[in-house]
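So this block is coords.txt, compact mmCIF, C-alpha atoms and all ligand atoms:
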# COMPACT_ATOMS: atom_id res chain seq x y z
CA MET A 269 108.34 99.71 142.73
CA PRO A 270 106.00 100.90 139.90
CA THR A 271 102.41 99.68 140.09
CA ILE A 272 100.88 97.87 137.13
CA ARG A 273 97.39 99.11 136.31
CA LYS A 274 94.83 98.14 133.74
CA LEU A 275 94.20 101.19 131.54
CA PRO A 276 90.71 102.72 131.33
CA PRO A 277 88.90 101.85 128.07
CA VAL A 278 88.97 105.41 126.66
CA LEU A 279 92.74 105.51 127.02
CA VAL A 280 93.04 102.05 125.42
CA ASN A 281 91.04 103.36 122.44
CA GLN A 282 93.16 106.49 122.19
CA ILE A 283 96.27 104.34 122.03
CA ALA A 284 94.65 102.17 119.35
CA ALA A 285 93.65 105.35 117.48
CA GLY A 286 97.34 106.25 117.33
CA GLU A 287 97.88 103.25 115.07
CA VAL A 288 95.08 103.87 112.61
CA ILE A 289 94.11 107.52 112.80
CA GLU A 290 97.00 109.70 111.88
CA ARG A 291 95.14 112.62 110.30
CA PRO A 292 91.76 113.54 108.77
CA ALA A 293 92.55 111.47 105.65
CA SER A 294 92.71 108.31 107.80
CA VAL A 295 89.20 109.05 109.05
CA VAL A 296 87.96 109.61 105.50
CA LYS A 297 89.45 106.28 104.43
CA GLU A 298 87.89 104.32 107.31
CA LEU A 299 84.45 105.91 106.90
CA ILE A 300 84.19 105.43 103.14
CA GLU A 301 85.35 101.83 103.52
CA ASN A 302 82.51 101.32 105.99
CA SER A 303 80.06 102.82 103.48
CA LEU A 304 81.31 100.46 100.78
CA ASP A 305 81.04 97.49 103.14
CA ALA A 306 77.43 98.60 103.80
CA GLY A 307 76.72 98.18 100.09
CA ALA A 308 76.30 101.89 99.36
CA THR A 309 75.79 103.08 95.78
CA ARG A 310 75.96 106.76 96.76
CA ILE A 311 78.69 108.16 99.01
CA GLU A 312 78.99 111.85 99.77
CA VAL A 313 81.94 113.26 101.71
CA THR A 314 81.89 116.79 103.11
CA LEU A 315 84.98 118.38 104.63
CA GLU A 316 85.55 121.66 106.40
CA GLN A 317 89.03 123.05 106.86
CA GLY A 318 90.70 120.04 105.29
CA GLY A 319 88.73 117.73 107.59
CA THR A 320 90.30 119.20 110.74
CA GLN A 321 86.97 120.81 111.64
CA LEU A 322 84.43 118.49 110.05
CA ILE A 323 84.35 115.22 108.14
CA ARG A 324 80.87 114.09 107.18
CA VAL A 325 80.22 110.89 105.24
CA HIS A 326 76.71 110.16 104.07
CA ASP A 327 75.77 106.88 102.38
CA ASP A 328 72.72 104.99 101.18
CA GLY A 329 73.98 101.65 102.48
CA HIS A 330 72.15 99.10 104.64
CA GLY A 331 72.19 101.33 107.72
CA MET A 332 72.11 100.34 111.38
CA THR A 333 69.39 99.84 113.98
CA GLY A 334 69.43 101.78 117.24
CA ASP A 335 70.95 98.84 119.12
CA SER A 336 73.78 98.38 116.68
CA LEU A 337 74.65 102.10 116.76
CA THR A 338 75.91 101.84 120.33
CA LEU A 339 77.81 98.68 119.48
CA ALA A 340 79.38 100.28 116.42
CA LEU A 341 81.24 102.67 118.73
CA THR A 342 82.46 99.84 120.97
CA PRO A 343 86.00 98.53 120.39
CA HIS A 344 86.30 95.12 118.76
CA ALA A 345 82.66 95.17 117.71
CA THR A 346 82.08 94.29 114.07
CA SER A 347 79.38 92.77 111.90
CA LYS A 348 81.97 91.52 109.40
CA ILE A 349 83.64 88.51 111.01
CA THR A 350 82.59 86.12 113.75
CA GLU A 351 85.28 83.47 114.14
CA SER A 352 88.98 83.08 113.59
CA GLU A 353 88.51 81.08 110.36
CA ASP A 354 86.90 84.19 108.88
CA LEU A 355 90.30 85.90 109.05
CA GLU A 356 91.54 83.51 106.40
CA SER A 357 89.20 84.84 103.78
CA ILE A 358 88.14 88.43 104.28
CA GLY A 359 85.66 89.73 101.73
CA THR A 360 85.07 93.17 103.25
CA LEU A 361 87.33 96.21 103.53
CA GLY A 362 86.95 96.35 107.33
CA PHE A 363 87.03 93.51 109.85
CA ARG A 364 88.91 94.74 112.95
CA GLY A 365 85.97 96.55 114.56
CA GLU A 366 88.33 99.28 115.73
CA ALA A 367 87.91 102.30 113.48
CA LEU A 368 84.78 103.88 114.91
CA ALA A 369 85.80 103.28 118.54
CA SER A 370 89.24 104.74 117.83
CA ILE A 371 87.88 107.78 116.02
CA ALA A 372 85.26 108.36 118.73
CA SER A 373 87.94 108.41 121.42
CA VAL A 374 89.72 111.36 119.79
CA ALA A 375 86.89 113.45 118.31
CA ARG A 376 83.27 114.55 118.58
CA VAL A 377 81.12 112.08 116.73
CA ARG A 378 77.52 111.96 115.66
CA ILE A 379 76.04 108.98 113.81
CA THR A 380 72.55 108.95 112.34
CA SER A 381 71.34 105.80 110.69
CA ARG A 382 68.28 104.02 109.46
CA PRO A 383 68.06 100.52 107.97
CA ALA A 384 66.70 100.90 104.43
CA GLU A 385 63.66 98.72 105.15
CA GLN A 386 62.41 100.79 108.10
CA PRO A 387 60.15 103.85 107.69
CA ASP A 388 61.77 107.33 107.59
CA ALA A 389 60.74 108.14 111.14
CA ASP A 390 62.57 105.10 112.53
CA ALA A 391 66.10 106.43 112.40
CA THR A 392 68.40 106.73 115.40
CA THR A 393 71.10 109.21 116.23
CA ILE A 394 73.90 108.89 118.74
CA ARG A 395 76.58 111.32 119.90
CA SER A 396 79.90 110.72 121.49
CA GLU A 397 82.52 113.15 122.72
CA GLY A 398 86.04 111.91 123.34
CA GLY A 399 84.68 108.40 123.81
CA SER A 400 81.81 109.14 126.19
CA GLU A 401 78.47 108.50 124.57
CA SER A 402 75.07 109.95 125.18
CA PRO A 403 72.16 107.52 124.79
CA PRO A 404 70.75 107.00 121.28
CA GLN A 405 67.76 109.15 120.31
CA PRO A 406 65.02 108.36 117.80
CA CYS A 407 64.82 110.73 114.82
CA ALA A 408 63.79 110.86 111.17
CA ALA A 409 66.40 110.38 108.43
CA PRO A 410 66.79 108.95 104.94
CA GLY A 411 67.81 105.28 104.65
CA GLY A 412 71.54 104.78 105.14
CA THR A 413 74.08 106.30 107.46
CA THR A 414 75.53 109.74 108.11
CA ILE A 415 78.64 110.02 110.27
CA GLU A 416 80.01 113.37 111.35
CA ILE A 417 83.41 113.72 112.91
CA ARG A 418 84.22 117.15 114.35
CA ASP A 419 87.36 118.57 115.93
CA LEU A 420 89.64 115.60 115.38
CA PHE A 421 92.18 115.25 118.24
CA PHE A 422 90.45 118.02 120.26
CA ASN A 423 91.35 116.05 123.41
CA VAL A 424 94.83 114.94 122.32
CA PRO A 425 96.79 118.21 121.94
CA ALA A 426 99.99 116.35 121.09
CA ARG A 427 98.30 114.88 117.99
CA ARG A 428 96.40 118.03 117.09
CA LYS A 429 99.74 119.86 116.98
CA PHE A 430 100.98 117.55 114.23
CA LEU A 431 98.14 118.41 111.89
CA ARG A 432 99.30 120.50 108.94
CA THR A 433 97.50 123.41 107.27
CA PRO A 434 93.93 122.79 106.14
CA GLY A 435 95.22 122.87 102.55
CA THR A 436 97.72 120.08 103.18
CA GLU A 437 95.23 117.99 105.15
CA TYR A 438 92.69 118.49 102.39
CA GLY A 439 95.23 117.20 99.86
CA HIS A 440 95.62 113.97 101.85
CA CYS A 441 91.83 113.58 102.18
CA HIS A 442 91.39 114.13 98.45
CA ASP A 443 94.03 111.50 97.75
CA ALA A 444 92.38 108.94 100.07
CA PHE A 445 89.03 109.69 98.42
CA VAL A 446 90.16 109.28 94.81
CA ARG A 447 92.27 106.20 95.57
CA THR A 448 89.17 104.45 96.88
CA ALA A 449 86.70 105.91 94.36
CA MET A 450 88.91 104.68 91.50
CA ALA A 451 88.34 101.03 92.43
CA HIS A 452 84.59 101.34 93.03
CA PRO A 453 83.17 102.81 89.81
CA HIS A 454 79.60 101.54 90.34
CA VAL A 455 79.28 103.99 93.25
CA HIS A 456 78.33 107.65 92.72
CA TRP A 457 80.88 109.65 94.75
CA THR A 458 80.84 113.33 95.69
CA LEU A 459 83.46 115.32 97.58
CA HIS A 460 82.69 118.76 98.99
CA HIS A 461 85.27 121.01 100.62
CA ASN A 462 84.08 124.06 102.56
CA THR A 463 81.45 125.51 100.24
CA ARG A 464 82.78 124.00 97.02
CA THR A 465 81.99 120.71 95.27
CA ALA A 466 85.46 119.43 94.47
CA LEU A 467 84.51 116.17 92.73
CA ASP A 468 81.34 114.61 91.46
CA LEU A 469 81.82 111.15 90.00
CA PRO A 470 78.60 109.49 88.82
CA ALA A 471 78.58 105.70 88.47
CA ALA A 472 80.66 104.78 85.41
CA SER A 473 82.57 102.00 83.69
CA ARG A 474 85.97 101.19 85.19
CA GLU A 475 87.80 102.91 82.31
CA ASP A 476 85.69 106.06 82.56
CA ARG A 477 86.14 106.22 86.31
CA CYS A 478 89.92 105.95 85.97
CA LEU A 479 89.95 108.68 83.32
CA ALA A 480 87.67 110.94 85.34
CA ILE A 481 90.30 110.81 88.09
CA LEU A 482 93.50 110.79 86.04
CA GLY A 483 92.19 113.49 83.69
CA ASN A 484 90.67 112.91 80.26
CA ASP A 485 93.68 114.59 78.65
CA LEU A 486 95.68 111.44 79.47
CA ALA A 487 93.30 109.16 77.51
CA GLU A 488 95.51 109.21 74.44
CA GLY A 489 98.47 107.96 76.42
CA LEU A 490 96.81 105.02 78.19
CA LEU A 491 96.43 101.39 77.18
CA THR A 492 93.93 99.08 78.85
CA PHE A 493 95.24 95.68 79.83
CA ASP A 494 93.37 92.61 80.97
CA SER A 495 94.82 89.24 81.90
CA PRO A 496 93.73 86.45 79.56
CA ALA A 497 91.04 84.04 80.76
CA PRO A 498 91.49 81.63 82.42
CA PRO A 499 93.80 83.88 84.39
CA HIS A 500 97.20 82.95 85.86
CA GLY A 501 96.32 80.62 88.68
CA ASP A 502 93.36 82.39 90.21
CA VAL A 503 94.83 85.83 89.70
CA SER A 504 93.20 88.32 87.36
CA VAL A 505 94.78 91.63 86.49
CA TRP A 506 93.10 94.63 84.89
CA GLY A 507 94.22 98.19 84.49
CA LEU A 508 95.56 101.06 82.45
CA ALA A 509 99.20 101.40 81.49
CA GLY A 510 100.57 104.80 80.56
CA MET A 511 102.74 104.99 77.45
CA PRO A 512 106.36 105.84 78.18
CA ASP A 513 106.00 109.41 76.91
CA ILE A 514 103.56 110.32 79.69
CA ALA A 515 105.80 108.89 82.44
CA ARG A 516 106.32 111.13 85.48
CA PRO A 517 109.21 112.14 87.72
CA THR A 518 107.43 110.58 90.74
CA ALA A 519 105.34 107.47 91.35
CA ARG A 520 102.34 109.53 92.53
CA GLN A 521 100.21 108.46 89.59
CA GLN A 522 100.53 104.77 90.34
CA TYR A 523 97.45 103.16 91.79
CA VAL A 524 97.65 99.55 92.93
CA TYR A 525 94.70 97.59 94.29
CA VAL A 526 94.13 94.11 95.59
CA ASN A 527 90.50 93.00 95.74
CA GLY A 528 89.33 96.61 95.60
CA ARG A 529 91.66 97.76 98.38
CA PRO A 530 94.38 100.35 97.69
CA VAL A 531 97.69 98.82 98.78
CA ARG A 532 101.42 99.49 98.95
CA ASP A 533 103.30 96.45 97.86
CA ARG A 534 106.98 96.19 96.95
CA ASN A 535 106.45 92.97 95.06
CA LEU A 536 103.84 94.58 92.79
CA GLY A 537 105.93 97.76 92.47
CA HIS A 538 108.76 95.61 91.23
CA ALA A 539 106.50 93.81 88.73
CA ILE A 540 105.42 97.18 87.31
CA ARG A 541 109.02 98.41 86.97
CA GLU A 542 109.99 95.15 85.26
CA ALA A 543 107.07 95.46 82.83
CA TYR A 544 108.50 98.82 81.71
CA ARG A 545 112.11 97.62 81.68
CA GLY A 546 114.02 99.22 78.82
CA LEU A 547 111.09 101.47 77.94
CA LEU A 548 111.69 104.22 80.49
CA ALA A 549 114.61 106.29 81.71
CA ASN A 550 115.69 105.39 85.25
CA ASP A 551 114.27 108.55 86.79
CA ARG A 552 110.82 108.14 85.26
CA HIS A 553 107.77 106.40 86.72
CA PRO A 554 104.89 105.18 84.59
CA VAL A 555 101.33 106.37 85.07
CA VAL A 556 99.64 103.08 85.85
CA ILE A 557 96.54 101.65 87.46
CA VAL A 558 96.71 97.98 88.41
CA MET A 559 93.77 96.09 89.87
CA VAL A 560 94.60 92.61 91.05
CA ASP A 561 91.76 90.29 92.00
CA LEU A 562 92.20 86.89 93.55
CA PRO A 563 90.27 84.60 95.89
CA ALA A 564 90.10 86.09 99.39
CA ASP A 565 91.74 82.99 100.90
CA LYS A 566 94.90 83.55 98.82
CA VAL A 567 95.79 86.88 100.38
CA ASP A 568 96.19 87.89 104.01
CA VAL A 569 94.97 91.43 104.71
CA ASN A 570 95.44 91.15 108.46
CA VAL A 571 99.08 92.23 108.49
CA HIS A 572 98.92 95.97 109.07
CA PRO A 573 96.62 98.13 111.24
CA THR A 574 95.61 100.40 108.36
CA LYS A 575 95.32 97.40 106.02
CA ALA A 576 97.53 99.19 103.50
CA GLU A 577 99.74 96.12 103.15
CA VAL A 578 98.79 92.59 102.22
CA ARG A 579 100.59 89.27 102.09
CA PHE A 580 100.05 86.95 99.14
CA HIS A 581 100.18 83.21 99.68
CA GLU A 582 101.86 82.91 96.28
CA PRO A 583 103.66 86.20 95.69
CA SER A 584 105.50 84.96 92.61
CA ALA A 585 102.26 84.00 90.83
CA VAL A 586 100.85 87.49 91.42
CA HIS A 587 104.13 89.12 90.39
CA GLY A 588 104.19 87.04 87.22
CA ALA A 589 100.57 87.82 86.34
CA VAL A 590 101.08 91.59 86.70
CA LEU A 591 104.42 91.64 84.93
CA SER A 592 103.37 89.54 81.95
CA THR A 593 99.96 91.18 81.45
CA ILE A 594 101.40 94.70 81.36
CA ARG A 595 104.56 93.76 79.49
CA GLN A 596 102.67 91.97 76.73
CA ARG A 597 100.34 94.91 76.31
CA LEU A 598 103.25 97.34 76.06
CA LEU A 599 105.27 95.21 73.68
CA GLY A 600 102.27 94.48 71.48
CA THR A 601 101.85 98.19 70.89
CA ASP A 602 103.59 100.64 68.62
CA LEU A 603 104.76 102.91 71.41
CA THR A 604 105.59 105.74 69.05
CA ALA A 605 102.01 106.14 67.81
CA PRO A 606 99.38 107.90 69.96
CA ALA A 607 97.28 105.28 71.72
CA SER A 608 93.57 105.58 71.82
CA LEU A 609 92.08 103.89 74.78
CA GLU A 610 90.69 100.52 73.71
CA ARG A 611 87.44 99.55 75.34
P1 LIG B 701 84.83 97.30 110.99
O1 LIG B 701 84.62 98.07 109.73
O2 LIG B 701 86.20 96.74 111.06
O3 LIG B 701 83.76 96.29 111.27
P2 LIG B 701 84.28 99.83 112.33
O4 LIG B 701 84.65 100.33 113.66
O5 LIG B 701 84.77 100.59 111.15
O6 LIG B 701 84.78 98.32 112.24
O7 LIG B 701 82.70 99.70 112.25
C1 LIG B 701 82.02 98.93 113.24
C2 LIG B 701 80.69 98.39 112.71
O8 LIG B 701 79.76 99.47 112.52
C3 LIG B 701 80.79 97.73 111.35
O9 LIG B 701 81.14 96.36 111.46
C4 LIG B 701 79.36 97.92 110.81
O10 LIG B 701 78.51 96.89 111.27
C5 LIG B 701 78.92 99.21 111.43
N1 LIG B 701 79.05 100.35 110.48
C6 LIG B 701 80.03 101.26 110.45
N2 LIG B 701 79.83 102.17 109.46
C7 LIG B 701 78.68 101.81 108.84
C8 LIG B 701 77.94 102.33 107.74
N3 LIG B 701 78.35 103.42 107.06
N4 LIG B 701 76.78 101.69 107.39
C9 LIG B 701 76.35 100.61 108.06
N5 LIG B 701 77.03 100.05 109.11
C10 LIG B 701 78.17 100.64 109.50
MG MG B 702 85.54 99.88 109.27

Show this structure as structure tokens.
Amino acid sequence: MPTIRKLPPVLVNQIAAGEVIERPASVVKELIENSLDAGATRIEVTLEQGGTQLIRVHDDGHGMTGDSLTLALTPHATSKITESEDLESIGTLGFRGEALASIASVARVRITSRPAEQPDADATTIRSEGGSESPPQPCAAPGGTTIEIRDLFFNVPARRKFLRTPGTEYGHCHDAFVRTAMAHPHVHWTLHHNTRTALDLPAASREDRCLAILGNDLAEGLLTFDSPAPPHGDVSVWGLAGMPDIARPTARQQYVYVNGRPVRDRNLGHAIREAYRGLLANDRHPVVIVMVDLPADKVDVNVHPTKAEVRFHEPSAVHGAVLSTIRQRLLGTDLTAPASLER
């Protein structure tokens, strides 16, 4: 008869990591979300070999004290929620308290942090290797947090084997970076890869941030849309809609956000297609950025480990708001004339 055993914590974390950490890009996404939740206005990401060798995220957010550094690496430890009611209205990007513990169980991690209000010399650094930590050490550092993740999956050969070439992994990291940077234009973002600075995005207006990422050459083909106030129910919709003549063969240039979080959502995908109904050939996909904002208690983000999916309490209201806002903008426009982005 097989014996039932309770698994050791490191193994539990490695199993949890399997759900959230698929590749370097998943680490990038989790770390920059943490920086945003810490109120950072400056986020700098450095990658080596597509993130397979090194992922470093430096921010100027609120930082952590020495005591909280150890806790940050502990599973189910979070500063973002305290009781089950909090799950009904989540105002931060993270809340599961799992990312750092998961990442630490499958990589070499170093975190250095200092709360902004403490003097430079009062920073703390902690290391962890495959989930076993060494005690925190005092050090000097600028206010904010620097997290370095080296050798992802060094202790899980089966996962390491599934990593693609550094070029491919870099592409996924770049995608995760721009998808998040797009929705947080007040933050100055920088992305370095190996010795090169790949992107430098100073704080900007939402339009300018979108254009900096999509490419300024698309400006002529994009219309800004904004739901009328007072918005549909509590739903507000803002974004840029590409004119039919810049539509693409794939949906890669569609960016959909809910409360600042990049999401995949069939309901919203359908609303976008409907907004373009009759304006596009069947095999074409519009270039479009849609940012939906609604009260946190009207959307459930606790439905998927990577939080890439959400559930709306009133999906048809959100669908209607997106469809009608984009459709009205498209139909109110002479689609044969070049658009110039209205601000
Ligand atoms: P979650 O984001 O779901 O809370 P994480 O494992 O990603 O879980 O992070 C655990 C905790 O560590 C966070 O709740 C936060 O208190 C702290 N933390 C992580 N990254 C940062 C950061 N860049 N700046 C300040 N605090 C951080
Ligand atoms: Mg997090």

Near-segment 339-341 of chain A list (12 Å; all atoms listed in the file; drop same-chain fewer than 4 positions) as a ChimeraX atom specification
/A:278,281,302,331-335,345-348,364-373,377-381,394-404,415

I need the residue nearest ligand LIG 701 (chain B) from this list: A:Asn550, A:Glu316, A:Ala293, A:Thr574. Use only C-alpha atoms and all ligand atoms for the distance.
A:Thr574

Rank A:Leu603, A:Ala306, A:Val586, A:Leu490 by their smallest atom-to-atom distance to ligand LIG 701 (chain B), using all atoms listed in the file, and report the top residue only.
A:Ala306

By how many Å are atom CA of Asp561 of chain A and atom CA of Val524 of chain A apart?
11.0 Å

Considering all atoms listed in the file, state which residue in the set A:Asp443, A:Lys575, A:Pro425, A:Glu356 is at the smallest distance from ligand MG 702 (chain B).
A:Lys575

What does the structure give for the distance between atom CA of Arg291 of chain A and atom CA of Arg376 of chain A, in Å to one decimal?
14.6 Å

Nearest residue to Ser495 of chain A from the set A:Val446, A:Met559, A:Ile514, A:Ala391 (distances using only C-alpha atoms):
A:Met559

Which residue is closest to ligand LIG 701 (chain B)? Choose from A:Tyr438, A:Pro573, A:Ala466, A:Pro276 and count only C-alpha atoms and all ligand atoms.
A:Pro573

Go ahead and compute the interatomic distance for atom CA of Leu304 of chain A and atom CA of Leu508 of chain A, in Å to one decimal.
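Atom-to-atom, atom CA of Leu304 of chain A and atom CA of Leu508 of chain A are spaced 23.2 Å apart.
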
Which residue, A:Ala308, A:Val374, A:Ala543, A:Ala409, has the smallest gap to Glu290 of chain A when you use all atoms listed in the file?
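When distances to Glu290 of chain A are compared using all atoms listed in the file, the smallest one comes from A:Val374.
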
Report as a list in words all protein, DNA and RNA residues lying within 8 Å of Asp419 of chain A, evaluated on all atoms listed in the file, omitting residues in the same chain fewer than 3 positions from it.
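Within the cut-off, the hits are Thr320, Gln321, Leu322, Ala375, Arg376 and Phe422 of chain A.
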
Report as a count of residues only all protein, DNA and RNA residues lying within 8 Å of segment 528-539 of chain A, evaluated on only C-alpha atoms, omitting residues in the same chain fewer than 2 positions from it.
24

What lies within 9 Å of Pro563 of chain A using only C-alpha atoms, ignoring chain neighbours under 3 positions off, as a list in words?
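Everything that qualifies: Ser357, Asp502, Val503, Asn527, Lys566 and Val567 of chain A.
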
Fewer than 2 positions away in the same chain doesn't count, so skip those; otherwise give me all residues within 6 Å of Trp457 of chain A, counting only C-alpha atoms, as a list in words.
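What passes the distance filter is Ile311, Glu312, Asp468 and Leu469 of chain A.
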